[in-house]
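For reference, the structure is listed below as structure tokens.
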Amino acid sequence: MAETIGIGIRAGFEREAIVTTSTWPAAAAAALTALLPLLDIAANDGVEKAGTGSVETGLGPTGFDVLSVMPTATVSMKARYQGLEPLWACALGYMAKRIGATVMPETLAAGVFRHLLELDASLSTAAGWTLADGFQVGTELLVGQRRVRRGTFAVDFQVSGWEWLSSMIQAVTLQSEPGGTTLTVELVAYSLSRSSAVNTSATMLKLLPSTLPTVLFTDLAVRVGAYSAVTPLGSGDAVLCTTWTLRLENNLVAAPGPRTGTAPEEYEREGAPRATVTFVVSRHTADLWQTRWSSNTLLMADAKFTSPSEVAAGQPYKLNVYLPSCRVTNGQLNTSGPRLPSDTVQLVGVVPTAAAAGFPTMIGLSPLAIEVVSGTSTHPLL
């Protein structure tokens with residue numbers, strides 16, 4: 001499909017420049033280099049106002065004051081195996097420079113690279129890189145270098161180019177069903193401009209649509225089993241789903257400050273991130289999910305999309321989702337309508353006490369990890 005909706009509407013997301021001190025917002029917008037495979041955009045200026053008046057004018061307000069301007073955008077797109085690595089990186093927040101001796105992204109074959117994204121405790125530029133993240137002493141790490149998990153989101157609406165400066169990912173939803181697999185990203189930003197000199201209709205018109213493979217429901221294999229640090233998931237843990245959804249909520253909040261006026265200060269987490277996986281099992285054949293729900297069984301789960309298309313010979317595109325530890329928070333039996341009962345199951349990721357058997361080696365004990373195998377050779381956060 002073309003990377004447009006409507007009549008020629010185009011959009012893209014580009015991570016903003018590396019900084020060596022905690023900085024908000026970015027000093028300049030980042031110029032787009034690629035288009036997103038758009039399905040829909042919901043744009044919001046985020047203007048909050050309050051009416052003003054006096055006892056002498058009892059019929060209503062005499063004016064309005066602007067209290068805050070906190071723009072948002074919700075972007076739905078076709079899920080692709082390549083090109084969305086920066087979105088995943090800004091949503092989860094972390095990818096090591098090295099894991100052990102392995103440089104990330106890991107080279108699997110000529111032109112084939114594995115990215116492994118983990119949840120980070122903070123998404124603001126207050127967080128800095130250290131040698132513990134796999135950097136070698138020398139020129140690999142700038143003094144004070146920060147983790148930048150924000151980007152410029154821009155849309156060409158034909159009439160004008162809209163540009164959200166310093167956009168951070170509030171939530172992301174990956175939904176797969178027989179009709180297709182979509183990625184929906186909810187952005188919160190510092191400002192919204194309709195007169196950018198960086199991402200204009202002319203510059204976005206030069207960007208070409210992607211021809212890389214999309215993620216299909218038929219590519220998906222799901223497994224859920226009892227947590228173990230010794231025994232990995234196997235074929236007996238396979239789950240046949242009719243729909244499958246991952247949702248990550250980052251719980252970002254901000255408020256205007258004396259330095260920013262009506263614009264928001266840098267967004268920070270109000271609480272811990274929450275990763276949930278929801279799926280429907282088409283036929284209820286055992287009380288497995290209800291038992292795991294009521295027993296609060298500690299589980300581990302993965303969902304692996306493997307494309308029939310290959311990055312190189314013998315190396316298919318992959319998108320893998322890992323919950324090293326999780327618990328059932330809903331095991332609902334569905335009995336409505338003239339059909340056999342089905343199960344709706346929701347899993348919530350929890351922080352593992354130890355690495356789950358058979359899962360990728362990570363730097364931290366993350367309750368969610370995303371693995372991408374593609375032709376993208378660059379580290380999305382460096």
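By order of appearance in the structure tokens: chains A, B, ..., then residues from 1 within every chain, and ligands from 1 in the order shown.
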
With 9 Å as the cut-off and only C-alpha atoms counted, what is the closest atom pair between each nearby residue of stretch 221-291 of chain A and stretch 313-331 of chain A? Distances in Å to one decimal, ordered by chain and number, as a tab-separated table.
residue	atom	partner	partner_atom	distance
A:Tyr227	CA	A:Ser325	CA	6.5
A:Leu246	CA	A:Val321	CA	8.5
A:Ala275	CA	A:Leu323	CA	8.6
A:Thr276	CA	A:Cys326	CA	8.9
A:Val277	CA	A:Leu323	CA	8.8
A:Thr278	CA	A:Asn330	CA	8.8
A:Leu288	CA	A:Gly331	CA	8.8
A:Trp289	CA	A:Gly331	CA	5.2
A:Gln290	CA	A:Gly331	CA	5.0
A:Thr291	CA	A:Gly331	CA	8.4

Kindly export the residues of the current selection with C-alpha atoms, as a JSON list (two decimals), in the first residue's frame.
[["chain", "number", "residue", "atom", "x", "y", "z"],
["A", 227, "TYR", "CA", 7.32, -19.46, 34.11],
["A", 246, "LEU", "CA", -0.14, -5.93, 22.68],
["A", 275, "ALA", "CA", 2.38, -3.95, 29.20],
["A", 276, "THR", "CA", -0.67, -6.09, 28.46],
["A", 277, "VAL", "CA", -1.36, -8.82, 25.91],
["A", 278, "THR", "CA", -4.96, -9.70, 25.10],
["A", 288, "LEU", "CA", -7.07, -23.60, 31.76],
["A", 289, "TRP", "CA", -7.29, -19.81, 31.60],
["A", 290, "GLN", "CA", -9.87, -19.53, 34.37],
["A", 291, "THR", "CA", -7.67, -21.73, 36.60]]

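Summary of the local environment: counting only C-alpha atoms, residues at most 10 Å from A:Ser342, other than itself and those fewer than 3 positions away along its chain, are Val280, Val281, Ser282, Arg283, His284, Thr285, Gln332, Leu333, Asn334, Thr335, Ser336, Arg339 and Val345 of chain A.
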
Emit the selected residues as a PDB file, in the first residue's frame, including N, CA and C atoms.
ATOM      1  N   VAL A 280      -7.922 -13.807  22.017  1.00  0.00           N
ATOM      2  CA  VAL A 280      -9.159 -14.583  22.067  1.00  0.00           C
ATOM      3  C   VAL A 280      -8.875 -15.987  21.552  1.00  0.00           C
ATOM      4  N   VAL A 281      -9.218 -16.982  22.371  1.00  0.00           N
ATOM      5  CA  VAL A 281      -9.136 -18.384  21.972  1.00  0.00           C
ATOM      6  C   VAL A 281     -10.520 -18.779  21.476  1.00  0.00           C
ATOM      7  N   SER A 282     -10.611 -19.212  20.231  1.00  0.00           N
ATOM      8  CA  SER A 282     -11.916 -19.338  19.564  1.00  0.00           C
ATOM      9  C   SER A 282     -12.842 -20.362  20.212  1.00  0.00           C
ATOM     10  N   ARG A 283     -12.271 -21.371  20.861  1.00  0.00           N
ATOM     11  CA  ARG A 283     -13.133 -22.411  21.454  1.00  0.00           C
ATOM     12  C   ARG A 283     -12.646 -22.773  22.842  1.00  0.00           C
ATOM     13  N   HIS A 284     -13.552 -22.721  23.796  1.00  0.00           N
ATOM     14  CA  HIS A 284     -13.245 -23.106  25.179  1.00  0.00           C
ATOM     15  C   HIS A 284     -13.280 -24.630  25.275  1.00  0.00           C
ATOM     16  N   THR A 285     -12.102 -25.239  25.458  1.00  0.00           N
ATOM     17  CA  THR A 285     -12.009 -26.699  25.533  1.00  0.00           C
ATOM     18  C   THR A 285     -11.556 -27.188  26.900  1.00  0.00           C
ATOM     19  N   GLN A 332     -11.817 -14.505  30.833  1.00  0.00           N
ATOM     20  CA  GLN A 332     -13.272 -14.460  30.705  1.00  0.00           C
ATOM     21  C   GLN A 332     -13.799 -15.519  29.741  1.00  0.00           C
ATOM     22  N   LEU A 333     -14.810 -16.265  30.191  1.00  0.00           N
ATOM     23  CA  LEU A 333     -15.503 -17.216  29.333  1.00  0.00           C
ATOM     24  C   LEU A 333     -16.626 -16.490  28.605  1.00  0.00           C
ATOM     25  N   ASN A 334     -16.630 -16.563  27.263  1.00  0.00           N
ATOM     26  CA  ASN A 334     -17.638 -15.873  26.450  1.00  0.00           C
ATOM     27  C   ASN A 334     -18.670 -16.875  25.959  1.00  0.00           C
ATOM     28  N   THR A 335     -19.941 -16.609  26.285  1.00  0.00           N
ATOM     29  CA  THR A 335     -21.001 -17.561  25.932  1.00  0.00           C
ATOM     30  C   THR A 335     -22.116 -16.928  25.109  1.00  0.00           C
ATOM     31  N   SER A 336     -21.959 -15.684  24.685  1.00  0.00           N
ATOM     32  CA  SER A 336     -23.048 -15.008  23.974  1.00  0.00           C
ATOM     33  C   SER A 336     -23.151 -15.501  22.535  1.00  0.00           C
ATOM     34  N   ARG A 339     -23.038 -19.793  19.266  1.00  0.00           N
ATOM     35  CA  ARG A 339     -21.727 -20.338  18.920  1.00  0.00           C
ATOM     36  C   ARG A 339     -21.127 -21.034  20.142  1.00  0.00           C
ATOM     37  N   VAL A 345      -8.556 -13.666  27.017  1.00  0.00           N
ATOM     38  CA  VAL A 345      -7.487 -13.748  28.012  1.00  0.00           C
ATOM     39  C   VAL A 345      -6.659 -12.471  27.965  1.00  0.00           C
TER      40      VAL A 345
END

How many Å lie between atom CA of A:Ser166 and atom CA of A:Lys49, rounded to one decimal?
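Those two atoms sit 22.7 Å apart.
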
Just give me the gap between atom CA of A:Pro25 and atom CA of A:Tyr190 in Å, one decimal is fine.
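Pair atom CA of A:Pro25 / atom CA of A:Tyr190 returns 6.6 Å.
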
Counting only C-alpha atoms, closest pick from A:Phe135, A:Trp24, A:Gly53, A:Ala79 relative to A:Thr102 is A:Phe135

Could you give me, as a PyMOL selection string, the residues within 8 Å of A:Glu14, counting only C-alpha atoms and dropping anything in the same chain fewer than 4 positions from it?
chain A and resi 30-33+86+151-153

Selected residues written out with N, CA and C atoms, as an mmCIF file, in the first residue's frame:
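Written file, result.cif:
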data_model
loop_
_atom_site.group_PDB
_atom_site.id
_atom_site.type_symbol
_atom_site.label_atom_id
_atom_site.label_comp_id
_atom_site.auth_asym_id
_atom_site.auth_seq_id
_atom_site.Cartn_x
_atom_site.Cartn_y
_atom_site.Cartn_z
ATOM 1 N N ALA A 30 13.703 17.597 13.717
ATOM 2 C CA ALA A 30 14.455 16.650 12.899
ATOM 3 C C ALA A 30 13.776 16.526 11.542
ATOM 4 N N ALA A 31 14.572 16.469 10.496
ATOM 5 C CA ALA A 31 14.036 16.337 9.142
ATOM 6 C C ALA A 31 13.673 14.885 8.860
ATOM 7 N N LEU A 32 12.478 14.651 8.359
ATOM 8 C CA LEU A 32 12.027 13.292 8.066
ATOM 9 C C LEU A 32 12.881 12.670 6.968
ATOM 10 N N THR A 33 13.119 11.366 7.112
ATOM 11 C CA THR A 33 13.852 10.627 6.086
ATOM 12 C C THR A 33 13.036 9.472 5.515
ATOM 13 N N PRO A 86 12.746 2.954 15.121
ATOM 14 C CA PRO A 86 12.792 4.141 15.990
ATOM 15 C C PRO A 86 11.537 4.315 16.843
ATOM 16 N N GLY A 151 10.953 12.429 19.272
ATOM 17 C CA GLY A 151 11.198 12.691 17.864
ATOM 18 C C GLY A 151 10.278 13.755 17.324
ATOM 19 N N THR A 152 10.534 14.152 16.101
ATOM 20 C CA THR A 152 9.669 15.080 15.388
ATOM 21 C C THR A 152 8.688 14.262 14.564
ATOM 22 N N PHE A 153 7.406 14.524 14.769
ATOM 23 C CA PHE A 153 6.349 13.901 13.971
ATOM 24 C C PHE A 153 5.774 14.975 13.063
#

Report as a ChimeraX atom specification: the residues of stretch 193-346 of chain A with a DSSP assignment of strand (DSSP E or B), based on the backbone of this structure.
/A:193,214,220-226,238-239,243-249,252-253,256,264,268-269,274-281,299-312,315-334,342-346

Polymer residues at most 12 Å from A:Ala312, only C-alpha atoms, same-chain spacing of 4 or more positions, as an mmCIF file with N, CA, C and O atoms, in the first residue's frame:
data_model
loop_
_atom_site.group_PDB
_atom_site.id
_atom_site.type_symbol
_atom_site.label_atom_id
_atom_site.label_comp_id
_atom_site.auth_asym_id
_atom_site.auth_seq_id
_atom_site.Cartn_x
_atom_site.Cartn_y
_atom_site.Cartn_z
ATOM 1 N N LEU A 108 23.444 -10.806 12.058
ATOM 2 C CA LEU A 108 23.134 -12.233 11.942
ATOM 3 C C LEU A 108 23.707 -12.822 10.660
ATOM 4 O O LEU A 108 24.032 -14.011 10.598
ATOM 5 N N ALA A 109 23.775 -11.999 9.622
ATOM 6 C CA ALA A 109 24.339 -12.382 8.331
ATOM 7 C C ALA A 109 24.601 -11.084 7.583
ATOM 8 O O ALA A 109 24.253 -10.002 8.076
ATOM 9 N N ALA A 110 25.205 -11.175 6.428
ATOM 10 C CA ALA A 110 25.473 -9.959 5.652
ATOM 11 C C ALA A 110 24.154 -9.231 5.364
ATOM 12 O O ALA A 110 23.254 -9.784 4.729
ATOM 13 N N GLY A 111 24.030 -8.004 5.893
ATOM 14 C CA GLY A 111 22.828 -7.202 5.655
ATOM 15 C C GLY A 111 21.643 -7.548 6.531
ATOM 16 O O GLY A 111 20.541 -7.023 6.314
ATOM 17 N N VAL A 112 21.819 -8.403 7.552
ATOM 18 C CA VAL A 112 20.722 -8.830 8.430
ATOM 19 C C VAL A 112 21.086 -8.487 9.868
ATOM 20 O O VAL A 112 22.159 -8.887 10.351
ATOM 21 N N PHE A 113 20.176 -7.797 10.563
ATOM 22 C CA PHE A 113 20.502 -7.268 11.888
ATOM 23 C C PHE A 113 19.358 -7.521 12.874
ATOM 24 O O PHE A 113 18.186 -7.409 12.523
ATOM 25 N N PRO A 308 7.178 -14.576 5.444
ATOM 26 C CA PRO A 308 7.638 -15.441 4.355
ATOM 27 C C PRO A 308 8.703 -14.757 3.497
ATOM 28 O O PRO A 308 9.427 -15.420 2.758
ATOM 29 N N PRO A 316 14.625 -14.734 7.449
ATOM 30 C CA PRO A 316 13.353 -14.034 7.289
ATOM 31 C C PRO A 316 13.265 -12.798 8.176
ATOM 32 O O PRO A 316 13.939 -12.704 9.207
ATOM 33 N N TYR A 317 12.429 -11.852 7.757
ATOM 34 C CA TYR A 317 12.085 -10.735 8.628
ATOM 35 C C TYR A 317 11.337 -11.284 9.846
ATOM 36 O O TYR A 317 10.525 -12.211 9.730
ATOM 37 N N VAL A 373 14.121 -8.385 13.524
ATOM 38 C CA VAL A 373 15.160 -8.814 12.595
ATOM 39 C C VAL A 373 14.836 -8.194 11.245
ATOM 40 O O VAL A 373 13.771 -8.453 10.676
ATOM 41 N N SER A 374 15.746 -7.335 10.757
ATOM 42 C CA SER A 374 15.487 -6.573 9.540
ATOM 43 C C SER A 374 16.804 -6.229 8.871
ATOM 44 O O SER A 374 17.872 -6.696 9.279
ATOM 45 N N GLY A 375 16.707 -5.367 7.877
ATOM 46 C CA GLY A 375 17.906 -4.910 7.189
ATOM 47 C C GLY A 375 18.428 -3.584 7.713
ATOM 48 O O GLY A 375 19.334 -3.006 7.114
#

Which residues come within 8 Å of A:Ala189, counting only C-alpha atoms, excluding same-chain residues fewer than 2 positions away, as a list in words?
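Here the qualifying residues turn out to be Met70, Pro71, Thr72, Trp164, Leu165, Ser166, Ser167, Met168, Leu187, Ser191 and Leu192 of chain A.
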
Which of stretch 78-304 of chain A end up as helix (DSSP H, G or I) when DSSP is run on this backbone - answer as a PyMOL selection string?
chain A and resi 85-92+131-133+201-205+217-219+235-237+288-295

Applying 8 Å and only C-alpha atoms, which residues near A:Val215 remain after dropping the ones on its own chain fewer than 5 positions away? List them as a ChimeraX atom specification.
/A:78-81,180-181,305,307

Could you save the residues just selected, with N, CA and C atoms, as a PDB file, in the first residue's frame?
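Wrote out-v3.pdb, looks like this:
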ATOM      1  N   LYS A  78      -0.099   0.510   9.076  1.00  0.00           N
ATOM      2  CA  LYS A  78       0.181  -0.895   8.852  1.00  0.00           C
ATOM      3  C   LYS A  78       1.482  -1.261   9.553  1.00  0.00           C
ATOM      4  N   ALA A  79       1.500  -2.373  10.242  1.00  0.00           N
ATOM      5  CA  ALA A  79       2.737  -2.820  10.879  1.00  0.00           C
ATOM      6  C   ALA A  79       3.675  -3.377   9.811  1.00  0.00           C
ATOM      7  N   ARG A  80       4.919  -2.905   9.834  1.00  0.00           N
ATOM      8  CA  ARG A  80       5.939  -3.397   8.917  1.00  0.00           C
ATOM      9  C   ARG A  80       7.105  -3.973   9.719  1.00  0.00           C
ATOM     10  N   TYR A  81       7.836  -4.885   9.058  1.00  0.00           N
ATOM     11  CA  TYR A  81       8.962  -5.525   9.723  1.00  0.00           C
ATOM     12  C   TYR A  81      10.180  -4.614   9.804  1.00  0.00           C
ATOM     13  N   GLY A 180      -5.632  -8.061   9.182  1.00  0.00           N
ATOM     14  CA  GLY A 180      -4.365  -7.349   9.081  1.00  0.00           C
ATOM     15  C   GLY A 180      -3.765  -7.068  10.449  1.00  0.00           C
ATOM     16  N   THR A 181      -2.553  -6.548  10.452  1.00  0.00           N
ATOM     17  CA  THR A 181      -1.840  -6.196  11.681  1.00  0.00           C
ATOM     18  C   THR A 181      -1.541  -4.710  11.651  1.00  0.00           C
ATOM     19  N   PHE A 305       6.178 -13.135  15.080  1.00  0.00           N
ATOM     20  CA  PHE A 305       5.774 -12.951  13.692  1.00  0.00           C
ATOM     21  C   PHE A 305       6.993 -13.257  12.814  1.00  0.00           C
ATOM     22  N   SER A 307       8.054 -13.536   8.803  1.00  0.00           N
ATOM     23  CA  SER A 307       7.585 -13.236   7.457  1.00  0.00           C
ATOM     24  C   SER A 307       8.004 -14.311   6.462  1.00  0.00           C
TER      25      SER A 307
END

Which residue is closest to A:Ala121? Choose from A:Leu252, A:Val172, A:Val348, A:Leu142 and count only C-alpha atoms.
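Nearest candidate to A:Ala121 out of A:Leu252, A:Val172, A:Val348, A:Leu142: A:Leu252.
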
For A:Leu141, work out the shell of residues within 9 Å, counting only C-alpha atoms and skipping chain neighbours fewer than 6 positions away, then give it as number ranges by chain.
A: 129-131, 135

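Across the structure, atom CA of A:Ala263 and atom CA of A:Asp45 are spaced 11.3 Å apart.
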
For A:Leu38, which residue out of A:Val185, A:Ala272, A:Leu347, A:Val143 is the nearest one, using only C-alpha atoms?
A:Val185

Given only C-alpha atoms as the basis, pick out the residue of A:Ala301, A:Val155, A:Leu208, A:Leu248 nearest to A:Val222.
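So, comparing all the options, the nearest one is A:Ala301.
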
For A:Val350, the closest of A:Pro273, A:Gly144, A:Gly51, A:Gly128 counting only C-alpha atoms is A:Pro273
